[in-house]
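Visitor: This is work_33.txt, which holds compact mmCIF, C-alpha atoms and all ligand atoms:
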```
# COMPACT_ATOMS: atom_id res chain seq x y z
CA MET A 1 -9.13 -19.23 2.00
CA THR A 2 -8.01 -19.22 -1.65
CA PRO A 3 -4.45 -18.10 -2.45
CA GLU A 4 -5.94 -15.14 -4.37
CA ARG A 5 -7.92 -13.96 -1.39
CA TYR A 6 -4.93 -14.42 0.90
CA GLN A 7 -2.78 -12.30 -1.43
CA ARG A 8 -5.47 -9.65 -1.74
CA ILE A 9 -5.68 -9.28 2.04
CA ARG A 10 -1.87 -9.23 2.40
CA ASP A 11 -1.60 -6.50 -0.26
CA MET A 12 -4.21 -4.46 1.57
CA LEU A 13 -2.51 -4.93 4.96
CA ALA A 14 0.88 -3.95 3.50
CA LYS A 15 -0.56 -0.50 2.65
CA ARG A 16 -2.34 0.24 5.94
CA GLN A 17 -1.21 3.57 7.44
CA THR A 18 -1.01 3.11 11.19
CA ASP A 19 -0.16 6.75 11.89
CA LEU A 20 -3.15 8.29 10.13
CA THR A 21 -6.60 8.21 11.63
CA VAL A 22 -9.88 10.03 12.07
CA CYS A 23 -11.96 10.65 15.16
CA LEU A 24 -15.72 11.08 14.87
CA GLU A 25 -17.29 13.11 17.66
CA ASN A 26 -20.92 12.07 18.03
CA VAL A 27 -21.52 11.53 14.33
CA HIS A 28 -24.87 9.81 14.52
CA LYS A 29 -26.33 8.95 11.16
CA PRO A 30 -25.45 5.38 10.24
CA HIS A 31 -25.05 6.18 6.54
CA ASN A 32 -22.53 8.88 7.38
CA VAL A 33 -20.50 6.68 9.73
CA SER A 34 -20.54 3.86 7.20
CA ALA A 35 -19.44 6.11 4.36
CA VAL A 36 -16.53 7.41 6.47
CA VAL A 37 -15.40 3.88 7.37
CA ARG A 38 -15.65 2.87 3.72
CA THR A 39 -13.44 5.81 2.68
CA CYS A 40 -10.98 4.95 5.47
CA ASP A 41 -10.67 1.44 4.09
CA ALA A 42 -10.17 2.84 0.59
CA ILE A 43 -7.21 5.04 1.56
CA GLY A 44 -5.69 2.49 3.94
CA ILE A 45 -6.67 3.53 7.46
CA HIS A 46 -6.33 0.68 9.91
CA LYS A 47 -8.17 2.11 12.89
CA VAL A 48 -10.68 4.90 13.42
CA HIS A 49 -11.78 6.50 16.67
CA ALA A 50 -15.28 7.39 17.71
CA VAL A 51 -16.90 9.13 20.63
CA TRP A 52 -20.50 8.05 21.05
CA GLU A 53 -22.76 9.00 23.87
CA ASN A 54 -24.78 5.86 23.36
CA GLN A 55 -23.92 2.34 22.32
CA TYR A 56 -23.45 2.11 18.61
CA ARG A 57 -22.19 -0.21 15.91
CA VAL A 58 -21.20 0.47 12.33
CA ARG A 59 -24.08 -0.65 10.15
CA SER A 60 -22.90 -3.11 7.56
CA GLY A 61 -25.10 -2.09 4.60
CA THR A 62 -23.56 1.20 3.45
CA ALA A 63 -20.09 0.30 4.70
CA MET A 64 -20.01 -2.50 2.11
CA GLY A 65 -18.04 -4.79 4.36
CA SER A 66 -15.31 -2.24 5.13
CA GLN A 67 -16.23 -2.35 8.85
CA GLN A 68 -14.67 -5.81 8.82
CA TRP A 69 -11.32 -4.36 7.78
CA VAL A 70 -11.20 -1.08 9.67
CA ASN A 71 -11.01 -1.28 13.45
CA VAL A 72 -13.17 1.11 15.45
CA ASP A 73 -11.94 2.27 18.87
CA THR A 74 -14.72 3.87 20.87
CA HIS A 75 -14.09 6.37 23.64
CA GLU A 76 -16.33 7.49 26.49
CA ASN A 77 -15.70 11.17 25.87
CA VAL A 78 -13.73 13.44 23.57
CA THR A 79 -11.10 14.32 26.18
CA ASP A 80 -10.13 10.66 26.47
CA ALA A 81 -10.10 10.26 22.71
CA ILE A 82 -7.85 13.25 22.00
CA GLY A 83 -5.67 12.31 24.95
CA ALA A 84 -5.12 8.85 23.48
CA LEU A 85 -4.23 10.32 20.06
CA LYS A 86 -1.78 12.81 21.55
CA ALA A 87 -0.17 10.02 23.57
CA GLN A 88 0.70 8.49 20.18
CA ASN A 89 2.45 11.75 19.20
CA MET A 90 -0.09 12.60 16.56
CA GLN A 91 -0.86 16.11 15.41
CA VAL A 92 -4.58 16.45 16.08
CA LEU A 93 -6.42 18.55 13.50
CA VAL A 94 -9.99 19.69 13.92
CA THR A 95 -12.37 20.51 11.07
CA HIS A 96 -13.82 23.79 12.21
CA LEU A 97 -14.34 27.17 10.61
CA SER A 98 -12.55 29.82 12.69
CA ASP A 99 -10.22 32.78 12.29
CA LYS A 100 -7.27 30.46 12.83
CA ALA A 101 -8.42 27.78 10.40
CA VAL A 102 -6.18 27.00 7.44
CA ASP A 103 -7.09 25.43 4.08
CA PHE A 104 -7.00 21.65 4.54
CA ARG A 105 -4.56 21.36 1.64
CA ASP A 106 -1.93 23.43 3.49
CA ILE A 107 -1.30 20.72 6.09
CA ASP A 108 1.59 18.22 6.04
CA TYR A 109 -0.19 14.85 6.35
CA THR A 110 3.00 12.80 6.13
CA LYS A 111 3.35 13.49 9.88
CA PRO A 112 1.44 11.20 12.26
CA THR A 113 -2.02 12.75 12.03
CA ALA A 114 -5.51 12.44 13.47
CA ILE A 115 -8.40 14.50 12.12
CA LEU A 116 -11.50 15.24 14.17
CA PHE A 117 -14.95 15.50 12.55
CA GLY A 118 -18.07 16.71 14.26
CA GLN A 119 -21.72 16.01 14.68
CA GLU A 120 -24.06 16.58 11.73
CA LYS A 121 -25.97 19.47 13.26
CA TYR A 122 -23.67 21.19 15.73
CA GLY A 123 -20.18 20.29 14.54
CA VAL A 124 -17.31 19.64 16.96
CA THR A 125 -17.59 20.71 20.59
CA ASP A 126 -15.69 23.66 22.08
CA GLU A 127 -14.08 21.22 24.46
CA ALA A 128 -12.58 19.29 21.54
CA ILE A 129 -11.51 22.41 19.65
CA ALA A 130 -9.60 23.67 22.69
CA MET A 131 -7.55 20.46 22.84
CA CYS A 132 -6.62 20.22 19.15
CA ASP A 133 -3.47 21.54 17.50
CA GLN A 134 -4.89 23.17 14.38
CA ASP A 135 -8.25 24.15 12.89
CA ILE A 136 -8.65 23.21 9.23
CA VAL A 137 -11.37 24.10 6.76
CA ILE A 138 -12.49 23.05 3.29
CA PRO A 139 -13.16 26.24 1.34
CA MET A 140 -16.69 26.78 0.01
CA VAL A 141 -18.06 29.44 -2.35
CA GLY A 142 -21.78 28.63 -2.23
CA MET A 143 -24.74 29.42 -0.04
CA VAL A 144 -24.63 26.47 2.36
CA GLN A 145 -22.44 26.73 5.43
CA SER A 146 -21.07 23.21 5.55
CA LEU A 147 -20.59 19.96 3.69
CA ASN A 148 -21.92 16.56 4.61
CA VAL A 149 -19.55 15.06 7.20
CA SER A 150 -18.66 11.98 5.14
CA VAL A 151 -17.88 14.23 2.18
CA ALA A 152 -15.66 16.44 4.35
CA ALA A 153 -13.83 13.41 5.73
CA ALA A 154 -13.19 12.02 2.24
CA LEU A 155 -11.74 15.28 1.00
CA VAL A 156 -9.26 15.55 3.85
CA LEU A 157 -8.35 11.85 3.71
CA TYR A 158 -7.71 11.83 -0.04
CA GLU A 159 -5.44 14.86 0.35
CA ALA A 160 -3.53 12.85 2.98
CA GLN A 161 -3.45 9.85 0.62
CA ARG A 162 -2.11 12.02 -2.22
CA GLN A 163 0.71 13.42 -0.09
CA ARG A 164 1.60 10.05 1.42
CA GLN A 165 1.65 8.36 -1.96
CA ILE A 166 4.10 10.94 -3.30
CA ALA A 167 6.22 10.46 -0.15
CA GLY A 168 6.35 6.69 -0.77
CA MET A 169 4.50 5.89 2.42
CA TYR A 170 2.38 3.22 0.72
CA ASP A 171 5.50 1.35 -0.39
CA VAL A 172 6.58 0.22 3.08
CA GLN A 173 4.58 -1.96 5.46
CA HIS A 174 3.56 -0.22 8.70
CA LEU A 175 1.62 -3.00 10.44
CA SER A 176 3.46 -5.57 12.55
CA GLU A 177 3.44 -9.17 11.33
CA GLU A 178 1.50 -10.09 14.48
CA GLU A 179 -1.27 -7.64 13.66
CA CYS A 180 -1.35 -8.88 10.06
CA GLN A 181 -1.83 -12.44 11.32
CA ARG A 182 -4.65 -11.31 13.61
CA MET A 183 -6.41 -9.52 10.75
CA LEU A 184 -5.96 -12.50 8.44
CA PHE A 185 -7.34 -14.82 11.08
CA GLU A 186 -10.35 -12.66 11.96
CA GLY A 187 -11.21 -11.34 8.52
CA GLY A 188 -10.03 -14.13 6.30
CA TYR A 189 -13.01 -16.40 6.76
CA PRO A 190 -16.21 -14.51 6.02
CA MET B 1 -33.98 41.42 1.35
CA THR B 2 -31.24 42.98 3.49
CA PRO B 3 -28.22 44.55 1.72
CA GLU B 4 -26.06 41.87 3.38
CA ARG B 5 -28.09 39.03 1.97
CA TYR B 6 -28.19 40.67 -1.45
CA GLN B 7 -24.40 40.99 -1.43
CA ARG B 8 -23.95 37.41 -0.24
CA ILE B 9 -26.07 36.10 -3.12
CA ARG B 10 -24.27 38.32 -5.65
CA ASP B 11 -20.88 37.07 -4.41
CA MET B 12 -22.06 33.50 -4.78
CA LEU B 13 -23.46 34.08 -8.27
CA ALA B 14 -20.22 35.77 -9.37
CA LYS B 15 -18.34 32.52 -8.70
CA ARG B 16 -20.75 30.08 -10.36
CA GLN B 17 -18.98 27.92 -12.98
CA THR B 18 -21.39 27.50 -15.89
CA ASP B 19 -19.09 25.13 -17.80
CA LEU B 20 -18.67 22.55 -15.05
CA THR B 21 -21.40 20.10 -14.15
CA VAL B 22 -22.26 16.61 -12.98
CA CYS B 23 -24.77 14.14 -14.30
CA LEU B 24 -26.32 11.56 -11.96
CA GLU B 25 -27.52 8.40 -13.67
CA ASN B 26 -30.26 6.86 -11.57
CA VAL B 27 -28.72 7.78 -8.24
CA HIS B 28 -31.65 6.96 -5.98
CA LYS B 29 -30.96 7.48 -2.33
CA PRO B 30 -32.18 10.93 -1.29
CA HIS B 31 -29.29 11.48 1.14
CA ASN B 32 -26.80 10.80 -1.64
CA VAL B 33 -28.49 13.12 -4.12
CA SER B 34 -28.76 15.83 -1.47
CA ALA B 35 -25.11 15.49 -0.48
CA VAL B 36 -24.04 15.81 -4.13
CA VAL B 37 -26.16 18.93 -4.64
CA ARG B 38 -24.76 20.42 -1.43
CA THR B 39 -21.18 19.82 -2.64
CA CYS B 40 -22.07 21.31 -6.03
CA ASP B 41 -23.27 24.46 -4.31
CA ALA B 42 -20.08 24.56 -2.25
CA ILE B 43 -17.76 24.52 -5.26
CA GLY B 44 -19.94 26.80 -7.39
CA ILE B 45 -21.86 24.58 -9.77
CA HIS B 46 -24.90 26.32 -11.19
CA LYS B 47 -26.73 23.43 -12.74
CA VAL B 48 -26.63 19.64 -12.33
CA HIS B 49 -28.13 17.00 -14.57
CA ALA B 50 -30.03 13.92 -13.52
CA VAL B 51 -31.51 10.92 -15.24
CA TRP B 52 -34.30 9.42 -13.19
CA GLU B 53 -36.54 6.63 -14.28
CA ASN B 54 -39.24 7.86 -11.95
CA GLN B 55 -40.34 11.26 -10.82
CA TYR B 56 -38.07 12.63 -8.16
CA ARG B 57 -37.28 15.79 -6.25
CA VAL B 58 -34.21 16.75 -4.23
CA ARG B 59 -35.12 16.33 -0.57
CA SER B 60 -34.50 19.53 1.31
CA GLY B 61 -33.26 18.12 4.65
CA THR B 62 -29.75 16.89 3.84
CA ALA B 63 -29.25 19.39 1.05
CA MET B 64 -29.38 22.15 3.69
CA GLY B 65 -31.10 24.55 1.31
CA SER B 66 -28.57 24.13 -1.49
CA GLN B 67 -31.30 22.76 -3.78
CA GLN B 68 -32.61 26.34 -3.86
CA TRP B 69 -29.35 27.54 -5.40
CA VAL B 70 -28.38 24.70 -7.71
CA ASN B 71 -30.63 24.07 -10.68
CA VAL B 72 -31.46 20.47 -11.52
CA ASP B 73 -32.11 19.54 -15.16
CA THR B 74 -33.76 16.16 -15.46
CA HIS B 75 -33.53 14.01 -18.57
CA GLU B 76 -35.68 11.09 -19.71
CA ASN B 77 -32.70 8.87 -20.47
CA VAL B 78 -28.93 8.95 -20.42
CA THR B 79 -28.57 9.29 -24.20
CA ASP B 80 -30.49 12.56 -24.10
CA ALA B 81 -28.50 13.75 -21.11
CA ILE B 82 -25.07 13.09 -22.61
CA GLY B 83 -26.24 14.43 -25.95
CA ALA B 84 -27.24 17.71 -24.30
CA LEU B 85 -23.85 17.97 -22.55
CA LYS B 86 -21.90 17.29 -25.75
CA ALA B 87 -23.98 19.87 -27.57
CA GLN B 88 -22.47 22.36 -25.11
CA ASN B 89 -18.97 21.23 -26.16
CA MET B 90 -18.21 19.67 -22.84
CA GLN B 91 -15.77 16.81 -22.35
CA VAL B 92 -17.91 14.12 -20.75
CA LEU B 93 -16.04 12.03 -18.18
CA VAL B 94 -17.44 8.87 -16.66
CA THR B 95 -16.49 7.47 -13.26
CA HIS B 96 -15.90 3.83 -14.06
CA LEU B 97 -13.14 1.37 -13.34
CA SER B 98 -11.80 -0.03 -16.62
CA ASP B 99 -8.52 -0.69 -18.40
CA LYS B 100 -8.74 2.72 -19.99
CA ALA B 101 -9.56 4.60 -16.79
CA VAL B 102 -7.12 7.30 -15.64
CA ASP B 103 -6.58 8.71 -12.14
CA PHE B 104 -9.15 11.49 -11.65
CA ARG B 105 -6.34 13.91 -10.78
CA ASP B 106 -4.78 13.55 -14.24
CA ILE B 107 -7.65 15.33 -15.99
CA ASP B 108 -7.68 19.00 -17.04
CA TYR B 109 -10.85 20.35 -15.42
CA THR B 110 -10.33 23.90 -16.64
CA LYS B 111 -11.93 22.73 -19.91
CA PRO B 112 -15.74 22.69 -20.09
CA THR B 113 -16.46 19.44 -18.24
CA ALA B 114 -19.32 17.18 -17.23
CA ILE B 115 -18.77 14.16 -14.98
CA LEU B 116 -21.12 11.21 -14.90
CA PHE B 117 -21.80 9.29 -11.68
CA GLY B 118 -23.69 6.04 -11.44
CA GLN B 119 -26.28 4.22 -9.44
CA GLU B 120 -25.40 3.04 -5.92
CA LYS B 121 -25.52 -0.65 -6.69
CA TYR B 122 -24.73 -1.13 -10.36
CA GLY B 123 -22.76 1.99 -11.29
CA VAL B 124 -23.08 3.67 -14.68
CA THR B 125 -24.71 1.82 -17.58
CA ASP B 126 -22.77 0.43 -20.56
CA GLU B 127 -24.85 2.69 -22.75
CA ALA B 128 -23.53 5.74 -20.91
CA ILE B 129 -19.93 4.52 -20.84
CA ALA B 130 -19.95 4.03 -24.61
CA MET B 131 -20.95 7.66 -25.18
CA CYS B 132 -18.44 9.29 -22.83
CA ASP B 133 -15.00 10.64 -23.71
CA GLN B 134 -12.89 9.30 -20.86
CA ASP B 135 -13.18 6.84 -17.95
CA ILE B 136 -11.81 8.17 -14.67
CA VAL B 137 -11.24 6.42 -11.36
CA ILE B 138 -10.42 7.36 -7.79
CA PRO B 139 -7.63 5.03 -6.63
CA MET B 140 -8.36 2.74 -3.67
CA VAL B 141 -6.05 0.47 -1.68
CA GLY B 142 -8.56 -1.25 0.62
CA MET B 143 -10.91 -4.20 0.48
CA VAL B 144 -14.08 -2.48 -0.73
CA GLN B 145 -14.60 -2.07 -4.46
CA SER B 146 -16.13 1.40 -4.52
CA LEU B 147 -16.78 4.58 -2.59
CA ASN B 148 -20.11 6.09 -1.69
CA VAL B 149 -21.33 8.05 -4.74
CA SER B 150 -21.55 11.41 -2.92
CA VAL B 151 -18.01 10.89 -1.65
CA ALA B 152 -16.76 10.09 -5.17
CA ALA B 153 -18.50 13.16 -6.57
CA ALA B 154 -16.97 15.43 -3.92
CA LEU B 155 -13.45 14.17 -4.61
CA VAL B 156 -13.69 14.82 -8.32
CA LEU B 157 -15.41 18.18 -7.86
CA TYR B 158 -12.88 19.50 -5.35
CA GLU B 159 -10.06 18.54 -7.72
CA ALA B 160 -11.84 20.59 -10.38
CA GLN B 161 -12.27 23.45 -7.89
CA ARG B 162 -8.56 23.34 -7.01
CA GLN B 163 -7.49 23.53 -10.65
CA ARG B 164 -9.99 26.23 -11.53
CA GLN B 165 -9.03 28.36 -8.55
CA ILE B 166 -5.36 28.25 -9.58
CA ALA B 167 -6.40 29.16 -13.14
CA GLY B 168 -8.29 32.23 -11.85
CA MET B 169 -11.64 30.91 -13.02
CA TYR B 170 -13.39 32.01 -9.82
CA ASP B 171 -12.26 35.59 -10.35
CA VAL B 172 -14.43 36.27 -13.40
CA GLN B 173 -18.22 36.11 -13.55
CA HIS B 174 -19.57 33.41 -15.85
CA LEU B 175 -23.34 33.87 -15.39
CA SER B 176 -25.20 36.42 -17.50
CA GLU B 177 -26.70 39.39 -15.69
CA GLU B 178 -30.13 38.17 -16.77
CA GLU B 179 -29.60 34.79 -15.07
CA CYS B 180 -28.30 36.54 -11.94
CA GLN B 181 -31.47 38.61 -11.79
CA ARG B 182 -33.61 35.50 -12.16
CA MET B 183 -31.73 33.73 -9.35
CA LEU B 184 -31.98 36.81 -7.13
CA PHE B 185 -35.68 37.05 -7.79
CA GLU B 186 -36.44 33.37 -7.23
CA GLY B 187 -34.06 32.67 -4.39
CA GLY B 188 -33.86 36.01 -2.68
CA TYR B 189 -37.11 35.71 -0.77
CA PRO B 190 -37.16 32.52 1.25
C1 LIG A 201 -22.61 19.43 8.78
S1 LIG A 201 -21.11 19.83 9.52
C2 LIG A 201 -21.54 20.67 11.04
C3 LIG A 201 -22.06 22.03 10.79
C4 LIG A 201 -22.13 22.89 12.03
N1 LIG A 201 -23.21 23.80 11.87
C5 LIG A 201 -20.83 23.64 12.28
O1 LIG A 201 -20.86 24.85 12.23
O2 LIG A 201 -19.79 23.03 12.51
C6 LIG A 201 -20.58 18.29 10.20
C7 LIG A 201 -19.09 18.10 10.17
O3 LIG A 201 -18.63 18.01 8.83
C8 LIG A 201 -17.32 18.55 8.74
N2 LIG A 201 -17.36 19.67 7.77
C9 LIG A 201 -18.44 20.08 7.07
N3 LIG A 201 -18.11 21.10 6.26
C10 LIG A 201 -16.80 21.34 6.44
C11 LIG A 201 -15.86 22.27 5.87
N4 LIG A 201 -16.22 23.14 4.93
N5 LIG A 201 -14.59 22.24 6.33
C12 LIG A 201 -14.21 21.34 7.26
N6 LIG A 201 -15.05 20.45 7.81
C13 LIG A 201 -16.32 20.44 7.42
C14 LIG A 201 -16.93 18.96 10.14
O4 LIG A 201 -16.28 17.88 10.76
C15 LIG A 201 -18.28 19.20 10.80
O5 LIG A 201 -18.20 19.07 12.20
C1 LIG A 202 -21.15 2.52 -5.21
S1 LIG A 202 -20.56 2.97 -6.75
C2 LIG A 202 -21.15 1.69 -7.85
C3 LIG A 202 -20.43 0.43 -7.69
C4 LIG A 202 -20.71 -0.56 -8.82
N1 LIG A 202 -20.58 -1.88 -8.28
C5 LIG A 202 -19.71 -0.36 -9.96
O1 LIG A 202 -18.96 -1.30 -10.23
O2 LIG A 202 -19.69 0.70 -10.59
C6 LIG A 202 -21.63 4.28 -7.21
C7 LIG A 202 -20.97 5.35 -8.02
O3 LIG A 202 -19.98 6.03 -7.24
C8 LIG A 202 -18.91 6.45 -8.06
N2 LIG A 202 -17.67 5.82 -7.56
C9 LIG A 202 -17.56 5.03 -6.47
N3 LIG A 202 -16.28 4.66 -6.28
C10 LIG A 202 -15.55 5.22 -7.27
C11 LIG A 202 -14.16 5.24 -7.60
N4 LIG A 202 -13.27 4.60 -6.87
N5 LIG A 202 -13.78 5.94 -8.68
C12 LIG A 202 -14.69 6.60 -9.41
N6 LIG A 202 -16.00 6.64 -9.15
C13 LIG A 202 -16.43 5.97 -8.08
C14 LIG A 202 -19.27 6.05 -9.48
O4 LIG A 202 -19.97 7.11 -10.07
C15 LIG A 202 -20.22 4.88 -9.25
O5 LIG A 202 -21.08 4.68 -10.33
```
Let me see whether you can do it: turn the structure in this file into structure tokens.
Ligand SMILES: C[S@@+](CC[C@H](N)C(=O)[O-])C[C@H]1O[C@@H](n2cnc3c(N)ncnc32)[C@H](O)[C@@H]1O
Ligand SMILES: C[S@@+](CC[C@H](N)C(=O)[O-])C[C@H]1O[C@@H](n2cnc3c(N)ncnc32)[C@H](O)[C@@H]1O
Guide:
Amino acid sequence: MTPERYQRIRDMLAKRQTDLTVCLENVHKPHNVSAVVRTCDAIGIHKVHAVWENQYRVRSGTAMGSQQWVNVDTHENVTDAIGALKAQNMQVLVTHLSDKAVDFRDIDYTKPTAILFGQEKYGVTDEAIAMCDQDIVIPMVGMVQSLNVSVAAALVLYEAQRQRQIAGMYDVQHLSEEECQRMLFEGGYP
Amino acid sequence: MTPERYQRIRDMLAKRQTDLTVCLENVHKPHNVSAVVRTCDAIGIHKVHAVWENQYRVRSGTAMGSQQWVNVDTHENVTDAIGALKAQNMQVLVTHLSDKAVDFRDIDYTKPTAILFGQEKYGVTDEAIAMCDQDIVIPMVGMVQSLNVSVAAALVLYEAQRQRQIAGMYDVQHLSEEECQRMLFEGGYP
């Protein structure tokens, strides 16, 4: 590995936000999953969560290599997934239009946060909604009822990035040195 | 048409922003084009511009019907497209990483604005960059060099929506009554 590449990976690892994540509930289309993982890499998410009914892997094409740098934890079902996030003391937000939903920009994302996104056709399940702490929505003034899921994820994540940047959360390293070494070892030699 | 549907269309038309648009330069993948059009509908864009080397139509699947409500103006080449936008006194921004690029959130989107997005693989052409007023960039702290184009478009457009909402620009109707009647006539009967 060249010194430049080593430094580039270290700089990236130094900005990873370990207490910010997303959970995809049965998001199926590979180009959507890949676009979400790519955005996660771009704003410094270290690990994403996914619930898939069937075996699945992030397709490398659209993810542009980001799947190498963002870890994906898969869960058997959404109850397990949300349980694991809550066990890490995260506020679990769910993207879902309801009477109780608030504008996604009214949330404090400097807190440990996980955001749940739903399936392309049916959205998040009732089971998941019942377990989450807060419904959030991206306002729309057009004729369509929803945005593409990778678009929705990017909007929420960049709002989190904006708030965390202002709060100086990208200026301190969150990952342990051990985890940095593991990432350098696994990802350093393509 | 039911009175409810009529009212829903009128409400949508009343919020359309005629002086905000995007221009896609050879964006090819149908799911990307559709996702952009769907986001445009969601934030109230009335017309988008596209430069396509070959004949092309917005695929209806991923656009979720938004292609019925967002007009697409196609141009033969990017010089014509940017020329047409400048003739409408728009500031023409180009999404492109360069020394002169500013953070996309530092722009005043309450001005008449067009934003240019580039092809999935090669980005915007040098020809286009040379004609535009300002390079803008969405900051990234990961390993990948760029975001998916429909993700990038959504981030810039929702920043514009945020600024315009605060400025009260969704509270006054921009479309002429004549154009509203045309849209009601063409789109009202699916
Ligand atoms: C295409 S939408 C699902 C639409 C589904 N008919 C529904 O009502 O939920 C797929 C996912 O994108 C996200 N999403 C789409 N539009 C959204 C919006 N305006 N606000 C918040 N999340 C949204 C949600 O995670 C949603 O589960
Ligand atoms: C996949 S990118 C093209 C990447 C190409 N290698 C380049 O250097 O431009 C496709 C389009 O998405 C938009 N885009 C992607 N990431 C962006 C970012 N970080 N800032 C601004 N625009 C971006 C731009 O419109 C770009 O032309």
Visitor: Return as a ChimeraX atom specification the residues of protein, DNA or RNA that approach ligand LIG 201 (chain A) to within 8 Å, with only C-alpha atoms and all ligand atoms taken into account.
Guide: /A:24,27,94-97,104,116-124,136-140,145-153
Visitor: Report as an mmCIF file with C-alpha atoms, in the frame of the given file the set of chain A residues whose atoms approach chain B to within 9 Å, with distances computed over only C-alpha atoms.
Guide:
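Done, and the output landed in out.cif:
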```
data_model
loop_
_atom_site.group_PDB
_atom_site.id
_atom_site.type_symbol
_atom_site.label_atom_id
_atom_site.label_comp_id
_atom_site.auth_asym_id
_atom_site.auth_seq_id
_atom_site.Cartn_x
_atom_site.Cartn_y
_atom_site.Cartn_z
ATOM 1 C CA ARG A 8 -5.470 -9.650 -1.740
ATOM 2 C CA ILE A 9 -5.680 -9.280 2.040
ATOM 3 C CA ASP A 11 -1.600 -6.500 -0.260
ATOM 4 C CA MET A 12 -4.210 -4.460 1.570
ATOM 5 C CA LEU A 13 -2.510 -4.930 4.960
ATOM 6 C CA LYS A 15 -0.560 -0.500 2.650
ATOM 7 C CA ARG A 16 -2.340 0.240 5.940
ATOM 8 C CA HIS A 31 -25.050 6.180 6.540
ATOM 9 C CA ALA A 35 -19.440 6.110 4.360
ATOM 10 C CA VAL A 36 -16.530 7.410 6.470
ATOM 11 C CA ARG A 38 -15.650 2.870 3.720
ATOM 12 C CA THR A 39 -13.440 5.810 2.680
ATOM 13 C CA CYS A 40 -10.980 4.950 5.470
ATOM 14 C CA ASP A 41 -10.670 1.440 4.090
ATOM 15 C CA ALA A 42 -10.170 2.840 0.590
ATOM 16 C CA ILE A 43 -7.210 5.040 1.560
ATOM 17 C CA GLY A 44 -5.690 2.490 3.940
ATOM 18 C CA ILE A 45 -6.670 3.530 7.460
ATOM 19 C CA THR A 62 -23.560 1.200 3.450
ATOM 20 C CA ALA A 63 -20.090 0.300 4.700
ATOM 21 C CA MET A 64 -20.010 -2.500 2.110
ATOM 22 C CA GLY A 65 -18.040 -4.790 4.360
ATOM 23 C CA SER A 66 -15.310 -2.240 5.130
ATOM 24 C CA TRP A 69 -11.320 -4.360 7.780
ATOM 25 C CA PRO A 139 -13.160 26.240 1.340
ATOM 26 C CA MET A 140 -16.690 26.780 0.010
ATOM 27 C CA VAL A 141 -18.060 29.440 -2.350
ATOM 28 C CA GLY A 142 -21.780 28.630 -2.230
ATOM 29 C CA MET A 143 -24.740 29.420 -0.040
ATOM 30 C CA VAL A 144 -24.630 26.470 2.360
ATOM 31 C CA GLN A 145 -22.440 26.730 5.430
ATOM 32 C CA SER A 146 -21.070 23.210 5.550
ATOM 33 C CA LEU A 147 -20.590 19.960 3.690
ATOM 34 C CA ASN A 148 -21.920 16.560 4.610
ATOM 35 C CA SER A 150 -18.660 11.980 5.140
ATOM 36 C CA VAL A 151 -17.880 14.230 2.180
ATOM 37 C CA ALA A 152 -15.660 16.440 4.350
ATOM 38 C CA ALA A 153 -13.830 13.410 5.730
ATOM 39 C CA ALA A 154 -13.190 12.020 2.240
ATOM 40 C CA LEU A 155 -11.740 15.280 1.000
ATOM 41 C CA TYR A 158 -7.710 11.830 -0.040
#
```
Visitor: Using Å and a single decimal, report how far atom CA of Lys111 of chain A sits from atom CA of Glu25 of chain A.
Guide: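 Calculated distance between atom CA of Glu25 of chain A and atom CA of Lys111 of chain A is 22.1 Å.
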Visitor: Kindly give the distance, in Å, that separates atom CA of Thr110 of chain A and atom C6 of ligand LIG 202 (chain A), rounded to a single decimal.
Guide: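 Between atom CA of Thr110 of chain A and atom C6 of ligand LIG 202 (chain A) the gap works out to 29.3 Å.
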Visitor: Could you work out how far atom CA of Asn26 of chain A lies from atom CA of Arg182 of chain A, giving the answer in Å with one decimal?
Guide: 28.8 Å
Visitor: Taking all atoms of segment 146-159 of chain A that the file lists, what box with edges along x, y and z, padded by 5 Å per side, do you get, with centre and edge lengths in Å to one decimal, as JSON?
Guide:
```
{"center_x": -13.7, "center_y": 17.5, "center_z": 3.6, "size_x": 26.5, "size_y": 21.4, "size_z": 17.2}
```
Visitor: Near Gly83 of chain B, within 12 Å and counting only C-alpha atoms, which residues show up once chain neighbours fewer than 6 positions away are dropped, as a ChimeraX atom specification?
Guide: /B:23,49,75-77,89-92,114,128,131-132
Visitor: Using all atoms listed in the file, what residues lie at most 12 Å away from (-22.0, 38.4, -17.4) (file coordinates), given as a list in words?
Guide: Arg10, Leu13, Ala14, Lys15, Arg16, Gln17, Thr18, Val172, Gln173, His174, Leu175, Ser176, Glu177, Glu178, Glu179, Cys180 and Gln181 of chain B
Visitor: Could you check which of B:Val48, B:Met1, B:Ala101, B:Ile82 is closest to ligand LIG 202 (chain A), using all atoms listed in the file?
Guide: B:Ala101
Visitor: Looking at all atoms listed in the file, which of B:Val22, B:Thr79, B:Asn71, B:Glu4 is the one that sits closest to Glu186 of chain B?
Guide: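 For Glu186 of chain B, the nearest of the given residues is B:Asn71.
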Visitor: I need the residue nearest ligand LIG 202 (chain A) from this list: B:Val78, B:Leu20, B:Ala84, B:Leu93. Use only C-alpha atoms and all ligand atoms for the distance.
Guide: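 Counting only C-alpha atoms and all ligand atoms, the residue closest to ligand LIG 202 (chain A) is B:Leu93.
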